[in-house]
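Asker: Input data10.cif, format and content: mmCIF, C-alpha atoms.
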data_model
loop_
_atom_site.label_atom_id
_atom_site.label_comp_id
_atom_site.auth_asym_id
_atom_site.auth_seq_id
_atom_site.Cartn_x
_atom_site.Cartn_y
_atom_site.Cartn_z
CA MET A 256 0.00 0.00 0.00
CA ASP A 257 2.98 2.35 0.58
CA LEU A 258 3.88 1.98 -3.09
CA VAL A 259 0.38 3.04 -4.15
CA PHE A 260 0.38 6.20 -2.03
CA LYS A 261 3.91 7.07 -3.11
CA ALA A 262 2.97 6.60 -6.75
CA LEU A 263 -0.14 8.76 -6.36
CA ALA A 264 1.72 11.55 -4.54
CA ASP A 265 2.82 13.14 -7.79
CA ALA A 266 0.76 15.34 -10.12
CA SER A 267 2.48 14.09 -13.30
CA ARG A 268 1.72 10.49 -12.43
CA ARG A 269 -1.89 11.33 -11.61
CA GLU A 270 -2.13 13.05 -14.98
CA LEU A 271 -0.88 9.89 -16.69
CA LEU A 272 -3.58 7.91 -14.87
CA ASP A 273 -6.19 10.49 -15.95
CA ARG A 274 -5.12 10.10 -19.54
CA LEU A 275 -5.42 6.34 -19.36
CA ARG A 276 -8.80 6.71 -17.74
CA ALA A 277 -9.92 8.79 -20.73
CA ASP A 278 -8.33 6.42 -23.24
CA ASN A 279 -7.17 3.07 -21.93
CA GLY A 280 -4.43 0.98 -23.51
CA GLN A 281 -1.96 3.60 -24.79
CA THR A 282 1.65 3.20 -25.86
CA LEU A 283 4.50 5.28 -24.44
CA ASN A 284 4.52 7.35 -27.64
CA GLU A 285 0.80 8.07 -27.41
CA LEU A 286 1.15 9.07 -23.77
CA CYS A 287 3.97 11.48 -24.60
CA VAL A 288 1.80 13.51 -26.98
CA ARG A 289 0.88 16.97 -25.61
CA LEU A 290 2.64 16.30 -22.32
CA ASP A 291 5.11 18.75 -20.90
CA MET A 292 7.53 15.97 -19.97
CA THR A 293 10.45 14.27 -21.62
CA ARG A 294 10.00 10.75 -22.92
CA GLN A 295 12.45 9.53 -20.26
CA ALA A 296 10.43 11.18 -17.51
CA VAL A 297 7.17 9.63 -18.75
CA SER A 298 8.84 6.25 -18.98
CA LYS A 299 10.15 6.57 -15.42
CA HIS A 300 6.74 7.61 -14.08
CA LEU A 301 5.11 4.67 -15.87
CA GLY A 302 7.62 2.35 -14.20
CA ILE A 303 6.70 3.66 -10.76
CA LEU A 304 2.98 3.33 -11.52
CA GLU A 305 3.50 -0.20 -12.81
CA GLU A 306 5.47 -1.17 -9.71
CA ALA A 307 2.55 0.05 -7.59
CA ASN A 308 0.21 -2.05 -9.78
CA LEU A 309 -1.73 1.06 -10.76
CA ILE A 310 -0.88 0.36 -14.37
CA ALA A 311 -0.92 -2.97 -16.14
CA ALA A 312 1.32 -3.22 -19.20
CA VAL A 313 0.42 -5.67 -21.95
CA LYS A 314 2.67 -6.54 -24.87
CA GLN A 315 0.99 -6.60 -28.25
CA GLY A 316 3.36 -7.35 -31.09
CA ARG A 317 6.19 -4.87 -30.75
CA GLU A 318 4.14 -2.43 -28.73
CA LYS A 319 3.57 -2.18 -25.02
CA LEU A 320 0.09 -0.99 -24.08
CA HIS A 321 -0.60 0.63 -20.71
CA TYR A 322 -3.88 0.10 -18.86
CA LEU A 323 -5.20 1.83 -15.78
CA ASN A 324 -5.57 -0.85 -13.11
CA PRO A 325 -8.06 0.36 -10.49
CA VAL A 326 -7.78 -2.72 -8.26
CA PRO A 327 -5.30 -1.25 -5.69
CA ILE A 328 -7.35 1.96 -5.38
CA HIS A 329 -10.42 -0.17 -4.86
CA ASP A 330 -8.61 -2.10 -2.09
CA ILE A 331 -7.83 1.20 -0.34
CA ALA A 332 -11.46 2.31 -0.59
CA GLU A 333 -12.64 -1.02 0.81
CA ARG A 334 -10.31 -0.64 3.77
CA TRP A 335 -11.65 2.71 4.91
CA ILE A 336 -15.06 3.05 3.37
CA GLY A 337 -17.64 0.87 5.04
CA LYS A 338 -20.51 -0.95 3.48
CA PHE A 339 -23.09 1.62 4.54
CA GLU A 340 -21.06 4.77 3.95
CA ARG A 341 -20.71 4.09 0.25
CA GLN A 342 -24.15 5.26 -0.83
CA ARG A 343 -24.03 8.41 1.29
CA LEU A 344 -20.58 9.29 -0.04
CA GLN A 345 -21.80 8.71 -3.55
CA ALA A 346 -24.74 11.05 -2.93
CA LEU A 347 -22.41 13.73 -1.56
CA SER A 348 -20.05 13.31 -4.48
CA GLU A 349 -22.93 13.71 -6.95
CA LEU A 350 -24.23 16.77 -5.10
CA LYS A 351 -20.77 18.36 -5.24
CA LYS A 352 -20.44 17.57 -8.94
CA GLY A 353 -23.92 18.95 -9.70
CA LEU A 354 -23.33 22.19 -7.78
CA GLU A 355 -19.91 22.74 -9.27
CA GLU A 356 -21.23 22.28 -12.78
CA LYS A 357 -23.89 24.95 -12.20
CA SER A 358 -21.52 27.58 -10.83
CA MET B 588 -6.72 -8.75 -32.96
CA SER B 589 -8.03 -5.54 -31.44
CA LYS B 590 -6.41 -4.31 -28.27
CA PRO B 591 -7.97 -5.50 -25.00
CA THR B 592 -10.54 -3.15 -23.53
CA PHE B 593 -9.79 -3.82 -19.88
CA VAL B 594 -6.81 -5.26 -18.11
CA TYR B 595 -7.02 -5.87 -14.38
CA VAL B 596 -4.14 -7.14 -12.29
CA THR B 597 -4.19 -8.39 -8.73
CA TYR B 598 -1.60 -10.18 -6.62
CA ILE B 599 -2.82 -12.96 -4.35
CA ALA B 600 -0.74 -14.62 -1.64
CA SER B 601 -1.52 -18.17 -2.71
CA THR B 602 -0.70 -20.77 -5.35
CA PRO B 603 -1.96 -20.78 -8.97
CA GLU B 604 -3.66 -24.12 -8.25
CA LYS B 605 -5.74 -22.68 -5.39
CA VAL B 606 -6.72 -19.54 -7.31
CA PHE B 607 -7.60 -21.56 -10.40
CA LYS B 608 -9.74 -23.87 -8.30
CA ALA B 609 -11.59 -20.89 -6.80
CA LEU B 610 -12.32 -19.57 -10.28
CA THR B 611 -13.72 -22.90 -11.46
CA ASP B 612 -15.62 -24.09 -8.40
CA LYS B 613 -19.36 -23.62 -7.90
CA GLU B 614 -19.25 -23.08 -4.11
CA ALA B 615 -16.18 -20.85 -4.26
CA THR B 616 -17.54 -18.59 -7.01
CA ALA B 617 -20.84 -18.27 -5.13
CA LYS B 618 -18.87 -17.03 -2.11
CA PHE B 619 -16.52 -14.48 -3.63
CA TRP B 620 -18.65 -13.51 -6.66
CA PHE B 621 -21.53 -12.17 -4.52
CA GLY B 622 -23.72 -15.23 -4.86
CA ASN B 623 -23.00 -15.95 -8.53
CA ALA B 624 -22.36 -19.69 -8.69
CA ALA B 625 -20.51 -20.89 -11.80
CA THR B 626 -21.44 -24.24 -13.27
CA SER B 627 -19.75 -25.94 -16.21
CA ASP B 628 -17.91 -29.16 -17.01
CA TRP B 629 -15.06 -26.73 -17.94
CA LYS B 630 -14.31 -28.50 -21.22
CA VAL B 631 -13.44 -26.30 -24.19
CA GLY B 632 -16.63 -25.64 -26.15
CA SER B 633 -18.91 -26.43 -23.17
CA PRO B 634 -21.40 -23.92 -21.77
CA ILE B 635 -20.75 -22.02 -18.54
CA GLN B 636 -23.53 -20.47 -16.50
CA PHE B 637 -23.62 -18.21 -13.45
CA HIS B 638 -26.78 -18.33 -11.34
CA ARG B 639 -27.61 -16.00 -8.46
CA GLU B 640 -30.61 -16.79 -6.26
CA GLY B 641 -31.87 -19.15 -8.95
CA LYS B 642 -31.67 -16.57 -11.72
CA LEU B 643 -29.39 -16.88 -14.74
CA ILE B 644 -27.04 -13.88 -14.55
CA LEU B 645 -24.32 -14.75 -16.99
CA GLN B 646 -23.67 -17.41 -19.57
CA GLY B 647 -20.96 -18.23 -22.05
CA LYS B 648 -18.83 -20.85 -23.68
CA ILE B 649 -15.46 -22.15 -22.47
CA LEU B 650 -12.77 -21.02 -24.93
CA GLU B 651 -9.64 -22.18 -23.12
CA ASN B 652 -8.98 -24.23 -20.01
CA ASP B 653 -5.33 -24.81 -19.17
CA PRO B 654 -5.13 -25.27 -15.38
CA PRO B 655 -3.61 -23.61 -13.46
CA ARG B 656 -2.41 -21.06 -16.01
CA ARG B 657 -5.18 -19.90 -18.29
CA LEU B 658 -8.97 -19.81 -18.41
CA SER B 659 -11.10 -18.08 -20.98
CA TYR B 660 -14.80 -17.92 -21.75
CA THR B 661 -17.32 -15.80 -23.59
CA PHE B 662 -19.32 -13.46 -21.39
CA HIS B 663 -22.99 -12.97 -22.16
CA SER B 664 -24.75 -10.80 -19.60
CA MET B 665 -28.28 -12.11 -19.06
CA HIS B 666 -29.40 -10.04 -16.06
CA GLU B 667 -31.10 -6.64 -15.76
CA PRO B 668 -30.76 -4.29 -17.55
CA HIS B 669 -28.88 -6.12 -20.34
CA ASN B 670 -31.00 -9.30 -20.50
CA GLY B 671 -28.83 -10.89 -23.17
CA LYS B 672 -29.49 -8.13 -25.70
CA GLU B 673 -25.80 -7.58 -26.46
CA PRO B 674 -23.63 -10.21 -28.14
CA PRO B 675 -21.13 -11.95 -25.84
CA SER B 676 -17.76 -10.38 -25.02
CA ARG B 677 -14.69 -12.32 -23.93
CA VAL B 678 -12.84 -12.81 -20.63
CA VAL B 679 -9.32 -14.21 -20.31
CA MET B 680 -7.77 -15.02 -16.93
CA GLU B 681 -4.03 -15.64 -16.74
CA LEU B 682 -2.28 -16.87 -13.61
CA GLU B 683 1.44 -16.62 -13.07
CA LYS B 684 3.37 -17.88 -10.06
CA GLN B 685 5.68 -15.22 -8.64
CA LYS B 686 7.62 -16.49 -5.61
CA ASP B 687 5.01 -16.86 -2.84
CA GLN B 688 2.19 -15.16 -4.73
CA VAL B 689 0.09 -15.36 -7.86
CA LYS B 690 -0.22 -12.60 -10.41
CA LEU B 691 -3.74 -12.76 -11.79
CA VAL B 692 -4.39 -10.82 -14.99
CA VAL B 693 -7.97 -10.50 -16.21
CA THR B 694 -8.50 -9.08 -19.67
CA HIS B 695 -11.95 -8.37 -21.02
CA ASP B 696 -12.57 -7.41 -24.64
CA ASP B 697 -14.71 -7.92 -27.75
CA PHE B 698 -17.37 -5.44 -26.69
CA ILE B 699 -19.66 -3.91 -29.28
CA GLU B 700 -19.44 -0.16 -29.96
CA GLY B 701 -21.23 1.80 -27.21
CA SER B 702 -21.65 -1.33 -25.09
CA LYS B 703 -23.80 -0.98 -21.96
CA VAL B 704 -22.30 -4.17 -20.53
CA PHE B 705 -18.90 -2.46 -20.78
CA GLU B 706 -20.09 0.24 -18.35
CA SER B 707 -21.27 -2.32 -15.80
CA ILE B 708 -18.07 -4.32 -16.12
CA SER B 709 -15.77 -1.41 -15.32
CA ASN B 710 -17.36 -1.16 -11.86
CA GLY B 711 -17.65 -4.89 -11.39
CA TRP B 712 -14.22 -6.41 -11.89
CA PRO B 713 -12.23 -4.50 -9.22
CA LEU B 714 -14.83 -5.56 -6.67
CA VAL B 715 -14.84 -9.20 -7.79
CA LEU B 716 -11.03 -9.36 -7.75
CA SER B 717 -10.79 -7.78 -4.28
CA SER B 718 -13.30 -10.28 -3.03
CA LEU B 719 -11.47 -13.19 -4.67
CA LYS B 720 -8.24 -12.08 -2.98
CA SER B 721 -9.90 -11.94 0.45
CA TYR B 722 -11.55 -15.30 -0.14
CA VAL B 723 -8.38 -17.11 -1.17
CA GLU B 724 -6.06 -15.43 1.37
CA LEU B 725 -8.34 -15.19 4.39
CA ASN B 726 -11.14 -17.60 3.48
CA ARG B 727 -13.69 -14.84 3.72
CA ALA B 728 -15.30 -12.78 1.03
CA VAL B 729 -15.61 -9.58 3.00
CA LEU B 730 -17.13 -7.44 0.31
CA HIS B 731 -20.66 -6.59 -0.65
CA ALA B 732 -21.73 -5.64 -4.13
CA PRO B 733 -23.35 -2.18 -3.90
CA TRP B 734 -25.40 -2.74 -7.07
CA TYR B 735 -27.21 -5.68 -5.44
CA GLU B 736 -27.66 -3.83 -2.16
CA GLN B 737 -29.33 -0.89 -3.86
CA LYS B 738 -31.69 -3.26 -5.62
CA ASP B 739 -32.33 -5.29 -2.44
CA ALA B 740 -32.99 -2.09 -0.47
CA ALA B 741 -35.44 -0.88 -3.13
CA ALA B 742 -37.25 -4.21 -3.05
CA SER B 743 -37.68 -4.32 0.73
#
Just give me the structure as structure tokens.

Answerer:
Amino acid sequence: MDLVFKALADASRRELLDRLRADNGQTLNELCVRLDMTRQAVSKHLGILEEANLIAAVKQGREKLHYLNPVPIHDIAERWIGKFERQRLQALSELKKGLEEKS
Amino acid sequence: MSKPTFVYVTYIASTPEKVFKALTDKEATAKFWFGNAATSDWKVGSPIQFHREGKLILQGKILENDPPRRLSYTFHSMHEPHNGKEPPSRVVMELEKQKDQVKLVVTHDDFIEGSKVFESISNGWPLVLSSLKSYVELNRAVLHAPWYEQKDAAAS
């Protein structure tokens, strides 16, 4: 779990996860497009995310595709969010989203 | 081959044999898969069905069965709100022994464009895999599926 928090404690790495969330299964080249980071930096960040199991890499031919793996984040949620809190939290989250969209 | 739509990875402190057995056992699946009991003779080409509380939830056909390394079947969602309207997609489970743990990789693909099943799946797998891990490691499936609870609460 330390690895997951460490991996998430970086805005660039969270941005990479956001980009995979929007479009899953990207190559290193695809991920480098429109990013203000060197290829080496992206590659290093992907390594850290993969080590934390937040990204699953799959080889397809000569390419390596990166997938967002939400399982560790889910495990964290399960540890601290109880069975009955989930629906209330979801309601709060939707309220926040709705209000923020209006303003 | 198109690229896989989903890839989920979890590490389980167990052996590939035990995890594979859990994935292919009626009682075990019923426990960690929130009541969905899998039945099949597990031969390639044979049907597989998941029933929950007597209702057919999921059915498919076994595509590969190579214990304890690889299991694959088609995935045809029969429950509300899909009711079998979409053609089947495909699930592949790969198990790899890594020292004292198993790396389980689940890939799910072959969805139709704009698939509604796809949306349900993206919430479902992390929960199922967490529950499988708890079941195999601690012999308890500690999780509850919120989508059933909401339905159960509405019914009561």

Asker: What is the distance, in Å and to one decimal place, between CA of Ala311 in chain A and CA of Glu706 in chain B?

Answerer: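 So the two atoms, CA of Ala311 in chain A and CA of Glu706 in chain B, lie 19.6 Å apart.
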
Asker: Write down, as a VMD selection string, each residue of chain A that has any atom within 8 Å of an atom of chain B, counting all atoms listed in the file.

Answerer: chain A and resid 279 to 280 308 311 315 322 to 327 329 to 330 333 338 341

Asker: Could you expand the PyMOL selection byres ((chain B and resi 687) around 9) into the explicit residues it covers here, written as a ChimeraX atom specification?

Answerer: /B:599-602,684-686,688-689

Asker: Given the file shown, enumerate the residues that the PyMOL selection byres ((chain A and resi 271) around 10) captures and present them as a VMD selection string.

Answerer: chain A and resid 266 to 270 272 to 277 286 to 287 290 297 300 to 301 304 310 323

Asker: Selection from above, C-alpha atoms, as a compact mmCIF listing (two decimals), in the frame of the given file, can you write it?

Answerer:
# COMPACT_ATOMS: atom_id res chain seq x y z
CA ALA A 266 0.76 15.34 -10.12
CA SER A 267 2.48 14.09 -13.30
CA ARG A 268 1.72 10.49 -12.43
CA ARG A 269 -1.89 11.33 -11.61
CA GLU A 270 -2.13 13.05 -14.98
CA LEU A 272 -3.58 7.91 -14.87
CA ASP A 273 -6.19 10.49 -15.95
CA ARG A 274 -5.12 10.10 -19.54
CA LEU A 275 -5.42 6.34 -19.36
CA ARG A 276 -8.80 6.71 -17.74
CA ALA A 277 -9.92 8.79 -20.73
CA LEU A 286 1.15 9.07 -23.77
CA CYS A 287 3.97 11.48 -24.60
CA LEU A 290 2.64 16.30 -22.32
CA VAL A 297 7.17 9.63 -18.75
CA HIS A 300 6.74 7.61 -14.08
CA LEU A 301 5.11 4.67 -15.87
CA LEU A 304 2.98 3.33 -11.52
CA ILE A 310 -0.88 0.36 -14.37
CA LEU A 323 -5.20 1.83 -15.78

Asker: Using the chain letters and residue numbers of this document, give as a list of chain:residue names the residues selected by the PyMOL selection byres ((chain B and resi 633) around 10).

Answerer: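 For this structure, the PyMOL selection byres ((chain B and resi 633) around 10) captures B:Ser627, B:Asp628, B:Trp629, B:Lys630, B:Val631, B:Gly632, B:Pro634, B:Ile635, B:Gly647, B:Lys648, B:Ile649, B:Leu650, B:Tyr660.
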
Asker: Grab all the atoms of range 633-639 of chain B that the file lists, wrap them in a box along x, y and z, add 6 Å per side, and give me centre plus edge lengths in Å (one decimal) as lines of an AutoDock Vina configuration file.

Answerer:
center_x = -23.3
center_y = -21.2
center_z = -15.8
size_x = 20.7
size_y = 22.4
size_z = 26.7

Asker: Would you work out the distance separating CA of Leu354 in chain A from CA of Gly701 in chain B, expressed in Å to one decimal?

Answerer: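 That distance, rounded to one decimal, is 28.2 Å.
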
Asker: Go ahead and compute the interatomic distance for CA of Gln636 in chain B and CA of Ala617 in chain B, in Å to one decimal.

Answerer: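 Here the two named atoms are 11.9 Å from each other.
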